Amino acid sequence: MSSAATRTTGQEHLWSVDDHLEDILTTVRPLEPIELQLLDAQGCVLLEDVTVPVSLPPFDNSSMDGYAVRIADVAGASEEYPAVLTVVGDVAAGQADQPHVGPGQAARIMTGAPLPPGAEAVVPVEWTDGGLGEGPVTGMRAHSASPEGSYGQVHVHRPAGARAHVRATGSDVKAGDRALEAGTVLGPPQIGLLAAIGRGTVRVRPRPRVVVLSTGSELVQPDEQLGSGQIYDSNSFALCAAARDAGAIAYRVGAVADDAETLRSTIEDQLVRADLLVTTGGVSVGAYDVVKEALSSVADEDEEGGGIDFRTLAMQPGKPQGFGSIGPDHTPLLALPGNPVSSYVSFELFVRPAIRTLMGLRDVHRPTTRAKLSADKALTSPKGRRQFLRGTYADGTVTPVGGAGSHLVAALAHADALIVVPEQDTSVEPGAEVEVVLLG
């Protein structure tokens with residue numbers, strides 16, 4: 001961490017948003033790579049380029065259910081004058097032995113089956129009588145119900161050009177091509193491609209394990225009865241969901257009461273399954289803000305680089321913040337304020353980039369854009385603070401949602417963007433161009 005940081009002392013250093021973020025991103029390091037089975041690697045970042053060992057498809061195959069034919073045998077075919085061919089057998093997907101298609105012959109072929117020797121094209125079954133001698137058909141009879149369909153004669157009603165309905169070897173990717181490049185996040189299509197080229201395992205950076213816990217004796221779990229002065233714990237749910245959205249494996253810990261010893265014990269218990277710890281609440285200057293008290297005891301202050309810094313940031317919402325590392329493995333910890341909007345905005349600005357840094361991603365930030373402000377009146381902002389207001393963005397215009405209060409959860413739920421008001425601006429007029437952080 002930066003030497004400018006101050007631990008829990010009476011000295012106050014006002015941090016900028018950029019300096020706090022830079023300190024986090026220069027401290028957090030990508031997780032060590034591991035080899036994982038394909039399904040376990042979903043959501044992980046590929047560590048190395050993957051080269052195709054075998055072409056896809058690995059052989060010429062049919063893209064239709066129909067008949068493999070020679071071009072000359074069906075030239076000029078029509079419904080009035082169909083080409084009559086002798087069926088010499090079936091070619092099914094996965095079939096090793098294939099009949100040879102000679103002059104005047106055809107092989108009944110299924111989608112994905114190899115083009116048999118001698119054949120030059122495939123005519124769809126809909127262009128034939130299916131071997132029934134009764135005009136065009138819409139499909140084939142099942143082989144088990146009509147094995148005689150593998151032989152006999154077929155009437156073809158339309159000609160086919162060279163390679164018609166044939167998927168050529170390597171038409172998807174060729175052996176030696178780069179299938180995926182390092183840095184790719186492995187989603188379902190990428191997992192499918194790896195399986196298709198025969199890769200059962202892959203070297204990746206694992207998804208970070210993020211433990212989220214909220215503090216406050218006033219917090220009650222959803223579905224429980226509220227008592228006097230109590231509120232439901234929403235922060236741990238929102239931040240756990242946000243961590244998963246960022247790509248992490250997230251674990252939610254139930255709300256911890258305002259007791260330093262209980263919080264200390266809970267944090268120590270969670271270190272075994274955490275690559276990153278996130279707390280919410282208890283970082284301000286109140287008499288019951290116990291996160292500072294608890295973390296000052298659990299932190300590695302005697303070890304190089306250990307300890308938690310509690311900071312005042314030049315931002316609104318989210319002024320009080322904490323960052324550092326704890327435990328024998330120097331597990332990073334970000335302590336966020338407890339007000340719901342402050343907590344969520346802080347997550348987007350600081351925790352999400354940290355998670356994506358742990359994953360080894362190149363781009364760790366939400367996309368930003370410039371937009372025209374649509375508002376009934378000017379937005380006000382405190383001087384010297386970078387303000388983040390909730391908004392909705394569409395077609396180059398952003399509209400504020402709710403007010404500036406850090407408790408307005410309902411307004412946050414309807415927002416898909418953050419409107420950024422720089423430190424030097426105390427007012428932004430309607431129609432002005434503003435910076436927007438896109439959350440969706």
# chains A, B, ... in the order shown; residues from 1 in each chain; ligands from 1
call {"tool": "residues_around", "arguments": {"residues": "Leu277 in chain A", "least_positions_apart": "3", "cutoff": "9 Å", "atoms": "only C-alpha atoms", "output": "compact mmCIF listing (two decimals) with C-alpha atoms, in the first residue's frame"}}
result
# COMPACT_ATOMS: atom_id res chain seq x y z
CA ARG A 209 -13.32 -16.31 -3.93
CA VAL A 210 -14.88 -13.20 -2.43
CA VAL A 211 -16.35 -13.21 1.07
CA VAL A 212 -18.89 -10.46 1.77
CA LEU A 213 -20.05 -9.59 5.27
CA ILE A 267 -13.18 -12.52 9.76
CA GLN A 270 -13.48 -16.64 6.70
CA LEU A 271 -9.83 -16.22 5.70
CA ALA A 274 -11.20 -15.92 0.75
CA THR A 331 -5.56 -11.48 1.96
CA PRO A 332 -6.78 -8.15 0.51
CA LEU A 333 -9.66 -6.53 2.38
CA LEU A 334 -11.82 -3.61 1.33
CA ALA A 335 -13.98 -2.03 4.03
call {"tool": "select_by_dssp", "arguments": {"residues": "range 241-418 of chain A", "states": "alpha helix (DSSP H)", "output": "MDAnalysis selection string"}}
result
chainID A and resid 241:246 260:270 291:298 340:346 352:359 409:413
call {"tool": "closest_residue", "arguments": {"among": "A:Ala410, A:Ala162, A:Ala68, A:Val123", "to": "His100 in chain A", "atoms": "only C-alpha atoms"}}
result
A:Ala68
call {"tool": "closest_residue", "arguments": {"among": "A:Val351, A:Val420, A:Val278, A:Met64", "to": "Thr369 in chain A", "atoms": "only C-alpha atoms"}}
result
A:Val420
call {"tool": "residues_around", "arguments": {"residues": "Ala378 in chain A", "least_positions_apart": "3", "cutoff": "7 Å", "atoms": "only C-alpha atoms", "output": "ChimeraX atom specification"}}
result
/A:427-430
call {"tool": "closest_residue", "arguments": {"among": "A:Ser144, A:Thr399, A:Thr169, A:Ser62", "to": "Lys377 in chain A", "atoms": "only C-alpha atoms"}}
result
A:Thr399
call {"tool": "residues_around", "arguments": {"residues": "Gly139 in chain A", "least_positions_apart": "4", "cutoff": "10 Å", "atoms": "only C-alpha atoms", "output": "ChimeraX atom specification"}}
result
/A:65-66,124-130
call {"tool": "write_last_selection", "arguments": {"atoms": "N, CA and C atoms", "output": "short mmCIF file (atom, residue, chain, number, x, y, z; two decimals), in the first residue's frame"}}
result
data_model
loop_
_atom_site.label_atom_id
_atom_site.label_comp_id
_atom_site.auth_asym_id
_atom_site.auth_seq_id
_atom_site.Cartn_x
_atom_site.Cartn_y
_atom_site.Cartn_z
N ASP A 65 -29.78 -34.22 -44.24
CA ASP A 65 -30.22 -35.61 -44.42
C ASP A 65 -30.62 -35.75 -45.90
N GLY A 66 -30.07 -36.74 -46.57
CA GLY A 66 -30.37 -36.89 -47.99
C GLY A 66 -29.63 -38.04 -48.61
N PRO A 124 -30.67 -33.07 -50.70
CA PRO A 124 -31.55 -33.23 -49.55
C PRO A 124 -32.66 -34.23 -49.84
N VAL A 125 -33.12 -34.90 -48.81
CA VAL A 125 -34.16 -35.91 -48.99
C VAL A 125 -35.42 -35.28 -49.56
N GLU A 126 -35.66 -33.98 -49.27
CA GLU A 126 -36.85 -33.31 -49.80
C GLU A 126 -36.83 -33.17 -51.32
N TRP A 127 -35.65 -33.37 -51.93
CA TRP A 127 -35.54 -33.31 -53.39
C TRP A 127 -35.76 -34.69 -54.02
N THR A 128 -36.16 -35.66 -53.21
CA THR A 128 -36.28 -37.04 -53.69
C THR A 128 -37.62 -37.64 -53.27
N ASP A 129 -37.83 -38.88 -53.70
CA ASP A 129 -39.02 -39.60 -53.27
C ASP A 129 -38.74 -40.47 -52.05
N GLY A 130 -37.52 -40.34 -51.48
CA GLY A 130 -37.17 -41.13 -50.30
C GLY A 130 -37.15 -42.62 -50.55
#
call {"tool": "atom_distance", "arguments": {"atom1": "CA of Pro337 in chain A", "atom2": "CA of Gly282 in chain A"}}
result
6.8 Å
call {"tool": "closest_residue", "arguments": {"among": "A:Gly307, A:Pro57, A:Gly338, A:Pro208", "to": "Ile326 in chain A", "atoms": "only C-alpha atoms"}}
result
A:Gly307
